[in-house]
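Peer 1: I am sharing work_18.tsv, which consists of TSV, C-alpha atoms:
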```tsv
chain	number	residue	atom	x	y	z
A	1	MET	CA	17.59	34.35	20.68
A	2	ALA	CA	19.64	33.35	23.72
A	3	GLU	CA	16.94	30.90	24.77
A	4	LEU	CA	16.82	29.42	21.27
A	5	ALA	CA	20.60	29.06	21.29
A	6	GLY	CA	20.32	27.16	24.57
A	7	LEU	CA	17.88	24.71	22.99
A	8	GLN	CA	20.29	23.77	20.19
A	9	ASP	CA	21.18	20.06	20.11
A	10	PRO	CA	24.04	18.95	17.81
A	11	LYS	CA	22.39	15.56	17.22
A	12	VAL	CA	19.11	17.18	16.16
A	13	ARG	CA	21.02	19.55	13.90
A	14	ALA	CA	22.87	16.67	12.23
A	15	VAL	CA	19.57	14.97	11.40
A	16	ASN	CA	17.98	18.19	10.12
A	17	GLU	CA	20.97	19.08	7.96
A	18	ARG	CA	20.42	15.90	5.97
A	19	HIS	CA	17.10	17.44	4.91
A	20	GLY	CA	18.54	20.88	4.20
A	21	ASP	CA	17.44	22.51	7.48
A	22	ASP	CA	20.15	24.36	9.40
A	23	HIS	CA	18.80	24.27	12.95
A	24	GLY	CA	19.18	21.98	15.93
A	25	VAL	CA	16.13	22.79	18.06
A	26	ASN	CA	13.76	19.97	18.92
A	27	LEU	CA	10.40	21.01	17.48
A	28	GLY	CA	8.55	19.90	20.61
A	29	ASN	CA	10.68	22.30	22.65
A	30	LEU	CA	10.09	25.01	20.06
A	31	ARG	CA	6.33	24.55	20.28
A	32	ALA	CA	6.48	24.66	24.08
A	33	LEU	CA	8.33	27.99	23.88
A	34	ALA	CA	5.72	29.32	21.43
A	35	LYS	CA	2.91	28.24	23.75
A	36	ARG	CA	4.51	30.21	26.58
A	37	LEU	CA	5.01	33.31	24.43
A	38	LYS	CA	1.51	33.16	22.88
A	39	THR	CA	0.63	35.37	19.89
A	40	ARG	CA	3.06	38.27	19.54
A	41	GLN	CA	3.14	39.72	16.05
A	42	GLU	CA	5.85	42.33	16.66
A	43	LEU	CA	8.17	39.74	18.19
A	44	ALA	CA	7.41	37.36	15.32
A	45	CYS	CA	8.48	40.00	12.78
A	46	GLY	CA	11.67	40.65	14.72
A	47	LEU	CA	12.48	36.95	14.88
A	48	TRP	CA	11.91	36.62	11.14
A	49	GLU	CA	14.28	39.51	10.42
A	50	THR	CA	17.17	37.71	12.19
A	51	GLY	CA	17.34	35.25	9.29
A	52	ASP	CA	17.96	32.44	11.79
A	53	THR	CA	16.07	29.25	10.92
A	54	ALA	CA	14.98	28.36	14.47
A	55	ALA	CA	13.91	31.96	15.07
A	56	ARG	CA	11.88	31.97	11.87
A	57	LEU	CA	10.16	28.72	12.82
A	58	LEU	CA	9.25	30.23	16.19
A	59	ALA	CA	7.98	33.33	14.39
A	60	MET	CA	5.56	31.18	12.37
A	61	LEU	CA	4.12	29.80	15.60
A	62	ILE	CA	3.50	33.14	17.38
A	63	CYS	CA	2.52	35.43	14.50
A	64	ARG	CA	-0.94	36.57	13.40
A	65	PRO	CA	-1.24	35.22	9.83
A	66	LYS	CA	-3.89	37.72	8.77
A	67	ALA	CA	-1.70	40.65	9.83
A	68	PHE	CA	0.73	40.22	6.93
A	69	GLU	CA	0.22	42.17	3.72
A	70	ARG	CA	0.36	40.40	0.37
A	71	ASP	CA	3.76	41.86	-0.56
A	72	GLU	CA	5.21	40.96	2.84
A	73	LEU	CA	4.29	37.32	2.31
A	74	ASP	CA	5.76	37.40	-1.19
A	75	VAL	CA	9.08	38.66	0.15
A	76	MET	CA	9.02	36.12	2.98
A	77	VAL	CA	8.46	33.11	0.72
A	78	ARG	CA	11.43	34.20	-1.41
A	79	GLU	CA	13.60	34.50	1.70
A	80	ALA	CA	12.49	31.15	3.16
A	81	ARG	CA	15.06	28.85	1.62
A	82	ALA	CA	15.22	26.31	4.48
A	83	PRO	CA	12.63	23.62	3.62
A	84	LYS	CA	11.03	23.56	7.09
A	85	VAL	CA	10.68	27.36	7.19
A	86	HIS	CA	9.17	27.33	3.71
A	87	ASP	CA	6.74	24.55	4.66
A	88	TRP	CA	5.60	26.23	7.89
A	89	LEU	CA	5.28	29.62	6.22
A	90	VAL	CA	2.95	28.21	3.56
A	91	ASN	CA	0.95	25.94	5.86
A	92	TYR	CA	0.75	27.96	9.07
A	93	VAL	CA	0.63	31.48	7.66
A	94	VAL	CA	-0.17	31.85	3.95
A	95	LYS	CA	-3.03	29.32	3.98
A	96	LYS	CA	-4.75	31.45	6.64
A	97	SER	CA	-4.15	34.73	4.82
A	98	PRO	CA	-6.84	36.62	2.90
A	99	HIS	CA	-4.21	36.96	0.15
A	100	SER	CA	-3.71	33.20	-0.30
A	101	GLU	CA	-5.62	32.83	-3.57
A	102	GLU	CA	-3.91	35.78	-5.23
A	103	LEU	CA	-0.53	34.47	-4.10
A	104	ARG	CA	-1.36	30.92	-5.20
A	105	LEU	CA	-1.94	32.06	-8.76
A	106	ALA	CA	1.14	34.29	-8.84
A	107	TRP	CA	3.51	31.81	-7.24
A	108	ALA	CA	2.46	28.78	-9.29
A	109	ALA	CA	3.60	30.66	-12.41
A	110	ASP	CA	6.85	31.97	-10.86
A	111	SER	CA	10.17	31.20	-12.54
A	112	ASP	CA	11.77	30.34	-9.16
A	113	PRO	CA	10.98	26.64	-8.59
A	114	VAL	CA	10.92	27.01	-4.78
A	115	VAL	CA	8.41	29.85	-5.02
A	116	ALA	CA	6.43	27.86	-7.60
A	117	SER	CA	6.33	24.92	-5.18
A	118	ALA	CA	4.54	27.19	-2.68
A	119	GLY	CA	1.92	27.92	-5.33
A	120	TRP	CA	1.46	24.22	-5.95
A	121	ALA	CA	1.16	23.54	-2.20
A	122	LEU	CA	-1.68	26.07	-2.03
A	123	THR	CA	-3.26	24.46	-5.10
A	124	THR	CA	-3.13	21.04	-3.44
A	125	GLU	CA	-5.13	22.44	-0.54
A	126	ARG	CA	-7.73	23.75	-3.01
A	127	VAL	CA	-7.97	20.27	-4.58
A	128	THR	CA	-9.32	19.04	-1.25
A	129	LYS	CA	-11.17	22.04	0.15
A	130	LYS	CA	-12.20	24.24	-2.77
A	131	PRO	CA	-11.94	22.31	-6.06
A	132	GLU	CA	-14.57	24.48	-7.74
A	133	VAL	CA	-11.93	27.22	-8.25
A	134	LEU	CA	-9.69	24.79	-10.16
A	135	ASP	CA	-9.51	23.25	-13.61
A	136	LEU	CA	-8.51	19.76	-12.49
A	137	ALA	CA	-8.08	18.41	-16.01
A	138	GLY	CA	-5.90	21.41	-16.84
A	139	LEU	CA	-3.79	20.81	-13.73
A	140	LEU	CA	-3.25	17.21	-14.81
A	141	ASP	CA	-2.16	18.48	-18.23
A	142	VAL	CA	0.50	20.68	-16.62
A	143	ILE	CA	1.67	17.93	-14.27
A	144	GLU	CA	1.90	15.46	-17.15
A	145	ALA	CA	3.97	17.89	-19.22
A	146	GLU	CA	6.24	19.37	-16.55
A	147	MET	CA	6.60	17.20	-13.43
A	148	LYS	CA	9.13	14.71	-14.80
A	149	ASP	CA	11.83	17.35	-15.35
A	150	ALA	CA	10.92	19.76	-12.54
A	151	PRO	CA	13.52	20.58	-9.83
A	152	ASP	CA	13.20	18.47	-6.69
A	153	ARG	CA	11.07	20.67	-4.44
A	154	LEU	CA	8.76	21.73	-7.26
A	155	GLN	CA	8.50	18.13	-8.43
A	156	TRP	CA	7.56	17.02	-4.92
A	157	ALA	CA	4.81	19.65	-4.70
A	158	MET	CA	3.42	18.76	-8.13
A	159	ASN	CA	3.46	15.07	-7.23
A	160	HIS	CA	1.52	15.79	-4.03
A	161	CYS	CA	-1.06	17.65	-6.10
A	162	LEU	CA	-1.29	14.73	-8.54
A	163	ALA	CA	-1.86	12.29	-5.70
A	164	GLN	CA	-4.46	14.49	-4.05
A	165	ILE	CA	-6.43	14.83	-7.28
A	166	GLY	CA	-6.47	11.05	-7.60
A	167	ILE	CA	-7.47	10.55	-3.96
A	168	GLU	CA	-10.21	13.19	-3.79
A	169	HIS	CA	-11.76	13.06	-7.27
A	170	PRO	CA	-12.84	9.64	-8.59
A	171	GLY	CA	-13.55	11.04	-12.04
A	172	HIS	CA	-9.88	11.94	-12.47
A	173	ARG	CA	-8.42	8.99	-10.55
A	174	ALA	CA	-7.61	6.68	-13.45
A	175	ARG	CA	-5.82	9.45	-15.33
A	176	ALA	CA	-3.88	10.54	-12.24
A	177	ILE	CA	-2.69	6.97	-11.67
A	178	ASP	CA	-1.80	6.60	-15.34
A	179	ILE	CA	0.26	9.82	-15.31
A	180	GLY	CA	2.08	8.64	-12.21
A	181	GLU	CA	2.82	5.24	-13.73
A	182	ARG	CA	4.14	6.68	-16.98
A	183	LEU	CA	6.31	9.40	-15.41
A	184	GLY	CA	7.64	7.15	-12.62
A	185	VAL	CA	8.39	10.15	-10.37
A	186	LEU	CA	9.44	9.01	-6.85
A	187	LYS	CA	8.82	5.37	-7.79
A	188	ASP	CA	12.05	4.31	-6.09
A	189	TYR	CA	11.86	6.75	-3.17
A	190	PRO	CA	12.99	4.98	0.04
A	191	THR	CA	9.99	4.52	2.31
A	192	SER	CA	10.16	3.46	5.96
A	193	PRO	CA	8.17	0.40	7.08
A	194	GLY	CA	4.60	1.34	7.88
A	195	CYS	CA	4.74	4.51	5.78
A	196	THR	CA	3.01	5.08	2.45
A	197	SER	CA	5.18	5.56	-0.62
A	198	PRO	CA	5.05	9.05	-2.20
A	199	PHE	CA	4.87	7.36	-5.62
A	200	ALA	CA	1.49	8.69	-6.74
A	201	PRO	CA	-0.14	5.43	-7.96
A	202	VAL	CA	0.71	3.67	-4.68
A	203	TRP	CA	-0.24	6.72	-2.60
A	204	ILE	CA	-3.62	7.12	-4.34
A	205	THR	CA	-4.49	3.43	-4.18
A	206	GLU	CA	-3.57	3.12	-0.50
A	207	MET	CA	-5.47	6.22	0.63
A	208	VAL	CA	-8.59	5.22	-1.31
A	209	ARG	CA	-8.38	1.71	0.18
A	210	ARG	CA	-8.18	3.13	3.71
A	211	ARG	CA	-11.25	5.27	3.13
A	212	HIS	CA	-13.26	2.32	1.88
A	213	ASP	CA	-12.10	0.16	4.79
```
Show this structure as structure tokens.
Peer 2:
Amino acid sequence: MAELAGLQDPKVRAVNERHGDDHGVNLGNLRALAKRLKTRQELACGLWETGDTAARLLAMLICRPKAFERDELDVMVREARAPKVHDWLVNYVVKKSPHSEELRLAWAADSDPVVASAGWALTTERVTKKPEVLDLAGLLDVIEAEMKDAPDRLQWAMNHCLAQIGIEHPGHRARAIDIGERLGVLKDYPTSPGCTSPFAPVWITEMVRRRHD
């Protein structure tokens, strides 16, 4: 914890706070520290229990994802309110867990929109890697009915799923683009030069173009 405190940079923290993350550690420095520590599950659990955002990010880098029980991961995702912690927990830990499919189904139906967004993130991975477990048309039905009025983080996760369905599955592409056009979610999202807009119709079209090129 003392070493993490020494890595804090006020300028980094100011940038992160604009995105809802309350830490000021450069992620490159954090990864270098994790590389030095290597895998240490007990330390990872202790770091998580501090509640400190930088410590929790470090914990995600040195833990053993398959060592967590299903209920432990459920508690952790409900505690992970900082967006970066939530994102790393889902992507670096839960996706590698043997409990990921059970948690995906439970979380996607959860009344907490942040927890539900974790379920949608896991579903988006299935769209690409294991679509046979999904009802893609049914997913599009839900997105069409609920994405427009969903809270921000849930809306973002649903929009990512919409785009991924359109990118990966030509048979559903026209409908995915049509849903995106009609709902207009993230249509005016500010996008840096050289980056692809998160507006689903633009995102789908651009990614498909790149693949054909």
Peer 1: What would the list of residues within 8 Å of (13.9, 27.6, 7.4) (file frame) look like as a list in words, if all atoms listed in the file are what count?
Peer 2: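 Here the neighbourhood of the point contains Asp21, Asp22, Asp52, Thr53, Ala54, Arg56, Leu57, Ala80, Arg81, Ala82, Pro83, Lys84, Val85 and His86 of chain A.
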Peer 1: Grab the atom CA of Ala116 of chain A to atom CA of Lys96 of chain A distance for me, in Å with one decimal place.
Peer 2: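 Distance between the two atoms: 18.5 Å.
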Peer 1: When you draw a straight line from atom CA of Arg175 of chain A to atom CA of Pro113 of chain A, how long is it in Å?
Peer 2: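 It comes out at 25.0 Å.
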Peer 1: To one decimal in Å, tell me the separation between atom CA of Arg36 of chain A and atom CA of Ala5 of chain A.
Peer 2: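 So the two atoms, atom CA of Arg36 of chain A and atom CA of Ala5 of chain A, lie 17.0 Å apart.
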Peer 1: Could you give me, as number ranges by chain, the residues within 10 Å of Ala34 of chain A, counting all atoms listed in the file and dropping anything in the same chain fewer than 2 positions from it?
Peer 2: A: 28-32, 36-40, 57-63
Peer 1: Name all residues at most 6 Å from segment 195-205 of chain A (count only C-alpha atoms; drop same-chain ones fewer than 4 positions away) and give them as a count of residues only.
Peer 2: 8
Peer 1: If we count all atoms listed in the file, what is near Trp120 of chain A at a cut-off of 8 Å, once residues fewer than 6 positions away on the same chain are taken out, given as a ChimeraX atom specification?
Peer 2: /A:104,107-108,154,157-158,161
Peer 1: Kindly indicate which residue among A:Ala137, A:Ala44, A:Ala145, A:Met1 lies nearest to His169 of chain A, using all atoms listed in the file for the distances.
Peer 2: A:Ala137
Peer 1: Name the residues in contact with Val142 of chain A at a cut-off of 12 Å, using all atoms listed in the file, excluding same-chain residues fewer than 6 positions from it; report them as a list in words.
Peer 2: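 Listed by chain and then number, they are Ala108, Ala109, Trp120, Asp135, Leu136, Lys148, Asp149, Ala150, Gln155, Met158, Asn159, Cys161, Leu162, Ala176 and Ile179 of chain A.
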Peer 1: Using all atoms listed in the file for the distances, tell me which of A:Asn91, A:Met76, A:Asp141, A:His212 is nearest to Glu125 of chain A.
Peer 2: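 The shortest atom-to-atom distance to Glu125 of chain A comes from A:Asn91.
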Peer 1: Work out where the centre of an axis-aligned box around every listed atom of segment 175-181 of chain A lies and how long its edges are once 6 Å is added on each side; give both in Å to one decimal as AutoDock Vina command-line options.
Peer 2:
```
--center_x -1.5 --center_y 7.9 --center_z -13.5 --size_x 20.6 --size_y 17.3 --size_z 15.7
```
Peer 1: Check the smallest atom-to-atom distance from each of A:Leu73, A:Ala55, A:Met207, A:Leu89 to Ala106 of chain A using only C-alpha atoms, then report the winner.
Peer 2: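 Ranking A:Leu73, A:Ala55, A:Met207, A:Leu89 by distance to Ala106 of chain A, first place goes to A:Leu73.
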Peer 1: Which one of A:Ile165, A:Met147, A:Ala67, A:Val115 sits closest to Gln41 of chain A if you count all atoms listed in the file?
Peer 2: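 Under the stated criterion, the closest residue is A:Ala67.
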Peer 1: I'd like to know which of A:Glu101, A:Glu49, A:Glu132, A:Glu144 is closest to Glu79 of chain A, using only C-alpha atoms.
Peer 2: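 Checking each of A:Glu101, A:Glu49, A:Glu132, A:Glu144 against Glu79 of chain A, counting only C-alpha atoms, the winner is A:Glu49.
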